[in-house]
$ cat structure32.txt   # compact mmCIF, C-alpha atoms and all ligand atoms
# COMPACT_ATOMS: atom_id res chain seq x y z
CA MET B 1 32.96 -4.23 12.33
CA LEU B 2 32.62 -4.81 8.60
CA LYS B 3 30.32 -7.70 9.33
CA VAL B 4 28.06 -5.43 11.39
CA ILE B 5 27.84 -2.95 8.55
CA ARG B 6 27.12 -5.75 6.10
CA TYR B 7 24.29 -7.11 8.26
CA ALA B 8 22.91 -3.65 8.88
CA SER B 9 22.80 -2.81 5.19
CA LEU B 10 21.31 -6.22 4.43
CA ALA B 11 18.59 -5.55 7.02
CA LEU B 12 17.92 -2.13 5.52
CA LEU B 13 17.70 -3.58 2.02
CA LEU B 14 15.34 -6.23 3.30
CA ALA B 15 13.16 -3.62 5.01
CA LEU B 16 13.03 -1.54 1.85
CA GLY B 17 12.16 -4.65 -0.13
CA VAL B 18 9.29 -5.48 2.20
CA LEU B 19 8.06 -1.88 1.95
CA TRP B 20 8.24 -2.04 -1.84
CA GLY B 21 6.24 -5.24 -1.80
CA HIS B 22 3.73 -3.68 0.54
CA ALA B 23 3.42 -0.66 -1.75
CA TRP B 24 2.95 -2.99 -4.72
CA PHE B 25 0.07 -4.84 -3.09
CA THR B 26 -1.66 -1.95 -1.38
CA ARG B 27 -1.31 0.86 -3.90
CA ALA B 28 -4.46 2.61 -5.02
CA PRO B 29 -5.91 1.66 -8.42
CA GLY B 30 -4.03 3.54 -11.10
CA GLN B 31 -1.28 4.59 -8.73
CA GLY B 32 2.29 3.82 -9.80
CA VAL B 33 4.25 1.51 -7.56
CA GLY B 34 7.01 4.13 -7.27
CA GLU B 35 4.60 6.72 -5.98
CA ALA B 36 3.04 4.22 -3.58
CA PHE B 37 6.50 3.26 -2.39
CA ALA B 38 7.40 6.91 -1.74
CA GLN B 39 4.24 7.25 0.33
CA ARG B 40 5.04 4.14 2.39
CA LEU B 41 8.59 5.36 2.85
CA ALA B 42 7.29 8.71 4.09
CA ALA B 43 4.95 6.82 6.41
CA VAL B 44 7.85 4.94 7.97
CA PHE B 45 10.46 7.67 8.15
CA GLY B 46 8.37 10.83 8.06
CA GLN B 47 7.52 12.64 11.27
CA SER B 48 4.14 13.54 9.94
CA MET B 49 2.63 10.10 9.88
CA PRO B 50 0.87 8.96 13.01
CA VAL B 51 1.10 5.53 14.56
CA PRO B 52 -2.08 3.45 14.56
CA THR B 53 -3.46 2.44 17.95
CA ALA B 54 -6.46 0.55 19.26
CA GLY B 55 -9.61 2.43 20.17
CA GLY B 56 -10.66 3.73 16.80
CA GLY B 57 -8.19 6.54 16.56
CA VAL B 58 -4.62 7.13 15.58
CA GLN B 59 -2.43 8.38 18.40
CA LEU B 60 0.21 10.93 17.48
CA PRO B 61 3.76 9.90 18.34
CA SER B 62 5.25 11.98 21.13
CA GLY B 63 6.95 15.10 19.86
CA VAL B 64 4.58 15.45 16.92
CA SER B 65 2.13 18.28 17.30
CA LEU B 66 -0.67 18.99 14.84
CA GLY B 67 -2.99 21.94 14.91
CA GLY B 68 -2.35 25.39 16.28
CA ALA B 69 -2.75 28.88 14.91
CA PHE B 70 -4.97 29.60 11.92
CA SER B 71 -6.87 32.54 10.54
CA LEU B 72 -9.99 31.85 8.45
CA VAL B 73 -13.47 33.13 7.67
CA ARG B 74 -16.59 31.43 9.05
CA GLN B 75 -19.74 30.77 6.99
CA ASP B 76 -21.41 33.83 8.60
CA GLY B 77 -18.63 36.07 7.28
CA GLN B 78 -16.86 36.43 10.65
CA ALA B 79 -13.06 36.22 10.71
CA VAL B 80 -12.03 33.50 13.15
CA THR B 81 -8.79 32.15 14.57
CA GLU B 82 -7.91 29.18 16.78
CA ARG B 83 -8.60 31.47 19.77
CA ASP B 84 -12.31 31.43 18.95
CA TYR B 85 -12.32 27.70 19.66
CA ALA B 86 -10.11 27.76 22.74
CA GLY B 87 -11.58 25.85 25.68
CA ARG B 88 -13.78 23.72 23.45
CA TRP B 89 -13.43 20.38 21.75
CA SER B 90 -13.90 20.12 18.02
CA LEU B 91 -14.01 17.57 15.25
CA ILE B 92 -12.39 19.06 12.17
CA TYR B 93 -12.47 17.81 8.60
CA PHE B 94 -10.62 19.34 5.64
CA GLY B 95 -12.55 18.86 2.41
CA TYR B 96 -14.46 20.73 -0.29
CA THR B 97 -18.09 21.17 -1.22
CA TYR B 98 -17.71 19.90 -4.82
CA CYS B 99 -16.35 16.59 -3.54
CA PRO B 100 -18.41 13.85 -5.20
CA ASP B 101 -18.26 11.25 -2.43
CA VAL B 102 -15.72 11.14 0.38
CA CYS B 103 -16.28 14.56 1.96
CA PRO B 104 -20.06 14.28 2.33
CA THR B 105 -19.65 10.81 3.83
CA GLU B 106 -17.12 12.07 6.38
CA LEU B 107 -19.14 15.15 7.33
CA GLY B 108 -22.22 12.96 7.76
CA ARG B 109 -20.15 10.69 9.95
CA ILE B 110 -19.11 13.61 12.18
CA ALA B 111 -22.78 14.52 12.63
CA ASP B 112 -23.59 10.87 13.48
CA VAL B 113 -20.77 10.77 16.04
CA LEU B 114 -22.12 13.86 17.81
CA ASP B 115 -25.61 12.35 17.87
CA ALA B 116 -24.24 9.05 19.19
CA MET B 117 -22.47 10.90 22.02
CA GLY B 118 -25.71 12.38 23.35
CA PRO B 119 -25.36 15.39 25.70
CA ALA B 120 -21.53 15.14 25.67
CA GLY B 121 -21.64 15.66 21.91
CA GLU B 122 -23.04 19.13 22.47
CA ARG B 123 -19.67 20.16 23.83
CA VAL B 124 -17.97 19.29 20.54
CA THR B 125 -18.00 21.75 17.63
CA PRO B 126 -18.15 20.15 14.17
CA ILE B 127 -15.99 22.10 11.72
CA MET B 128 -15.33 21.74 8.01
CA ILE B 129 -12.34 23.63 6.59
CA THR B 130 -12.30 23.89 2.80
CA ILE B 131 -9.18 23.13 0.78
CA ASP B 132 -10.85 24.61 -2.34
CA PRO B 133 -11.25 28.30 -1.41
CA ALA B 134 -11.58 29.33 -5.07
CA ARG B 135 -15.04 27.73 -5.29
CA ASP B 136 -15.96 27.46 -1.61
CA THR B 137 -16.97 31.01 -0.83
CA VAL B 138 -18.58 32.00 2.47
CA ALA B 139 -22.06 31.66 0.93
CA VAL B 140 -21.31 28.24 -0.59
CA MET B 141 -19.94 27.03 2.75
CA ALA B 142 -22.97 28.34 4.66
CA ASP B 143 -25.34 26.41 2.43
CA TYR B 144 -23.24 23.26 2.46
CA VAL B 145 -22.49 22.78 6.17
CA SER B 146 -26.11 23.44 7.16
CA ARG B 147 -27.05 20.23 5.33
CA PHE B 148 -25.00 18.10 7.72
CA HIS B 149 -25.48 19.49 11.21
CA PRO B 150 -27.15 22.61 12.62
CA ARG B 151 -24.03 23.48 14.60
CA MET B 152 -21.50 22.66 11.89
CA GLN B 153 -19.16 25.52 11.05
CA GLY B 154 -17.66 25.95 7.60
CA LEU B 155 -14.37 27.80 7.32
CA THR B 156 -12.82 29.25 4.18
CA GLY B 157 -10.35 32.05 3.48
CA THR B 158 -7.76 33.24 1.02
CA PRO B 159 -5.67 30.53 -0.66
CA GLU B 160 -2.80 31.54 1.66
CA GLN B 161 -4.94 31.29 4.81
CA VAL B 162 -6.20 27.86 3.76
CA ALA B 163 -2.69 26.69 2.90
CA GLU B 164 -1.44 27.80 6.31
CA ALA B 165 -4.25 26.00 8.17
CA ALA B 166 -3.67 22.85 6.09
CA ARG B 167 0.04 23.03 6.83
CA ARG B 168 -0.64 23.13 10.58
CA PHE B 169 -2.68 19.95 10.31
CA ARG B 170 -0.36 18.42 7.69
CA VAL B 171 -3.23 18.10 5.25
CA PHE B 172 -2.29 17.25 1.70
CA TYR B 173 -4.38 18.68 -1.15
CA GLN B 174 -3.92 19.18 -4.86
CA ARG B 175 -6.05 20.25 -7.80
CA VAL B 176 -6.66 17.59 -10.44
CA GLN B 177 -8.38 17.98 -13.81
CA PRO B 178 -10.05 14.83 -15.11
CA ARG B 179 -10.02 14.78 -18.94
CA ASP B 180 -13.72 13.97 -19.22
CA MET B 181 -14.95 16.62 -16.80
CA ALA B 182 -15.44 20.37 -17.09
CA ASP B 183 -14.85 20.95 -13.37
CA TYR B 184 -11.67 20.14 -11.53
CA LEU B 185 -11.49 17.89 -8.49
CA MET B 186 -9.33 18.14 -5.40
CA ASP B 187 -7.14 15.30 -4.27
CA HIS B 188 -6.87 15.49 -0.51
CA SER B 189 -6.00 13.54 2.59
CA SER B 190 -9.03 12.47 4.56
CA PHE B 191 -8.83 12.35 8.34
CA ILE B 192 -11.20 13.54 11.03
CA TYR B 193 -9.23 15.43 13.66
CA LEU B 194 -10.23 15.53 17.30
CA VAL B 195 -8.91 18.85 18.61
CA GLY B 196 -8.68 19.54 22.32
CA PRO B 197 -9.43 22.77 24.22
CA ASP B 198 -5.81 23.84 23.70
CA GLY B 199 -6.15 23.74 19.91
CA ARG B 200 -3.93 20.68 19.54
CA VAL B 201 -4.92 17.52 17.70
CA ARG B 202 -5.49 14.63 20.13
CA THR B 203 -6.46 11.92 17.68
CA LEU B 204 -6.92 11.35 13.97
CA PHE B 205 -9.68 9.12 12.73
CA ARG B 206 -9.37 7.25 9.46
CA PRO B 207 -12.33 7.21 7.09
CA GLU B 208 -13.09 3.56 7.84
CA THR B 209 -13.56 4.17 11.58
CA GLY B 210 -17.08 3.30 12.72
CA VAL B 211 -19.39 5.90 14.25
CA GLU B 212 -19.83 4.09 17.59
CA GLU B 213 -16.12 3.47 17.89
CA MET B 214 -15.34 7.11 17.17
CA ALA B 215 -17.99 8.35 19.60
CA ARG B 216 -16.55 6.16 22.37
CA SER B 217 -13.03 7.34 21.65
CA VAL B 218 -13.97 11.04 21.66
CA ALA B 219 -15.97 10.69 24.88
CA ALA B 220 -13.10 8.80 26.54
CA GLN B 221 -10.57 11.48 25.59
CA MET B 222 -12.82 14.21 26.91
CA ARG B 223 -13.26 12.31 30.19
CA SER B 224 -9.55 11.62 30.59
CA ALA B 225 -8.81 15.30 29.99
CA GLY B 226 -11.29 16.17 32.73
CA GLY B 227 -13.77 17.79 30.48
NI NI B 301 -13.31 14.99 -0.66

$ encode --input "structure32.txt" --output "structure tokens" --more "lines below"
Ligand code: NI
Amino acid sequence: MLKVIRYASLALLLALGVLWGHAWFTRAPGQGVGEAFAQRLAAVFGQSMPVPTAGGGVQLPSGVSLGGAFSLVRQDGQAVTERDYAGRWSLIYFGYTYCPDVCPTELGRIADVLDAMGPAGERVTPIMITIDPARDTVAVMADYVSRFHPRMQGLTGTPEQVAEAARRFRVFYQRVQPRDMADYLMDHSSFIYLVGPDGRVRTLFRPETGVEEMARSVAAQMRSAGG
């Protein structure tokens, strides 16, 4: 019995060591190894982290449900909830209009995916939800989303409404103030969510996923769901 415990703890130590090493090698520039390690640890033991699969997307492990109820304001000033999107597919991205690089790239990618899908893409609603409601007013959102796709919707709300929506999708975001800049930036997780007609997330796409790959994956999920 003691031997079993000894081997088990040795295996656990070994696993943690490997994870630490992985964190050391793969941490972002400027990120502390401790912080990177905590992230990897959360990725292994946390319920919130999805499991990568083939086919361009990340399949959610069974029992994990993302998405659901939210209450926000659309770029035309209309209050909307998840019920307004019931029965339709959508590609949702959480970002902010002041984002210097990642957000515009991802929103452009969503537009490219819809184009690549042809007529089937018309049944998918592109949606951006801001995680910076202080600056992203309805008017700012209206101007911003129209630059990416004519059908793109931009949702904002009170800080509480945005926090609740982000919580449903397990989106991380945090205000950061660079020393050499007057304006603050937002640190945020960056996934494109494919949401089904029931309001639940079917797949997450990582930023590095190619347009064609994503288009194929979305179309396949719509087909397999019978619509
Ligand atoms: Ni961004």

$ residues_near_ligand --input "structure32.txt" --ligand "ligand NI 301 (chain B)" --cutoff "12 Å" --atoms "only C-alpha atoms and all ligand atoms" --output "PyMOL selection string"
chain B and resi 93-107+128-132+172-175+185-192+207

$ atom_distance --input "structure32.txt" --atom1 "CA of Gln153 (chain B)" --atom2 "CA of Arg206 (chain B)"
20.8 Å

$ atom_distance --input "structure32.txt" --atom1 "CA of Glu164 (chain B)" --atom2 "CA of Gly121 (chain B)"
28.3 Å

$ atom_distance --input "structure32.txt" --atom1 "CA of Leu60 (chain B)" --atom2 "CA of Ile127 (chain B)"
20.5 Å

$ closest_residue --input "structure32.txt" --among "B:Ser90, B:Val138, B:Ser65, B:His149" --to "Ala120 (chain B)" --atoms "all atoms listed in the file"
B:Ser90

$ residues_around --input "structure32.txt" --residues "Thr158 (chain B)" --least-positions-apart "5" --cutoff "10 Å" --atoms "only C-alpha atoms" --output "list in words"
Ser71, Leu72, Val73, Asp132, Pro133, Ala134, Thr137, Ala163 and Glu164 of chain B

$ closest_residue --input "structure32.txt" --among "B:Arg167, B:Arg83, B:Arg151, B:Arg179" --to "Thr125 (chain B)" --atoms "only C-alpha atoms"
B:Arg151

$ closest_residue --input "structure32.txt" --among "B:Gly68, B:Gly63, B:Pro126, B:Pro197" --to "Thr81 (chain B)" --atoms "all atoms listed in the file"
B:Gly68

$ closest_residue --input "structure32.txt" --among "B:Val218, B:Leu155, B:Met117, B:Val201" --to "Asp76 (chain B)" --atoms "only C-alpha atoms"
B:Leu155

$ closest_residue --input "structure32.txt" --among "B:Arg74, B:Ala225, B:Ala116, B:Ser217" --to "Ala142 (chain B)" --atoms "all atoms listed in the file"
B:Arg74

$ closest_residue --input "structure32.txt" --among "B:Met141, B:Asp198, B:Thr203, B:Ala215" --to "Gln59 (chain B)" --atoms "all atoms listed in the file"
B:Thr203
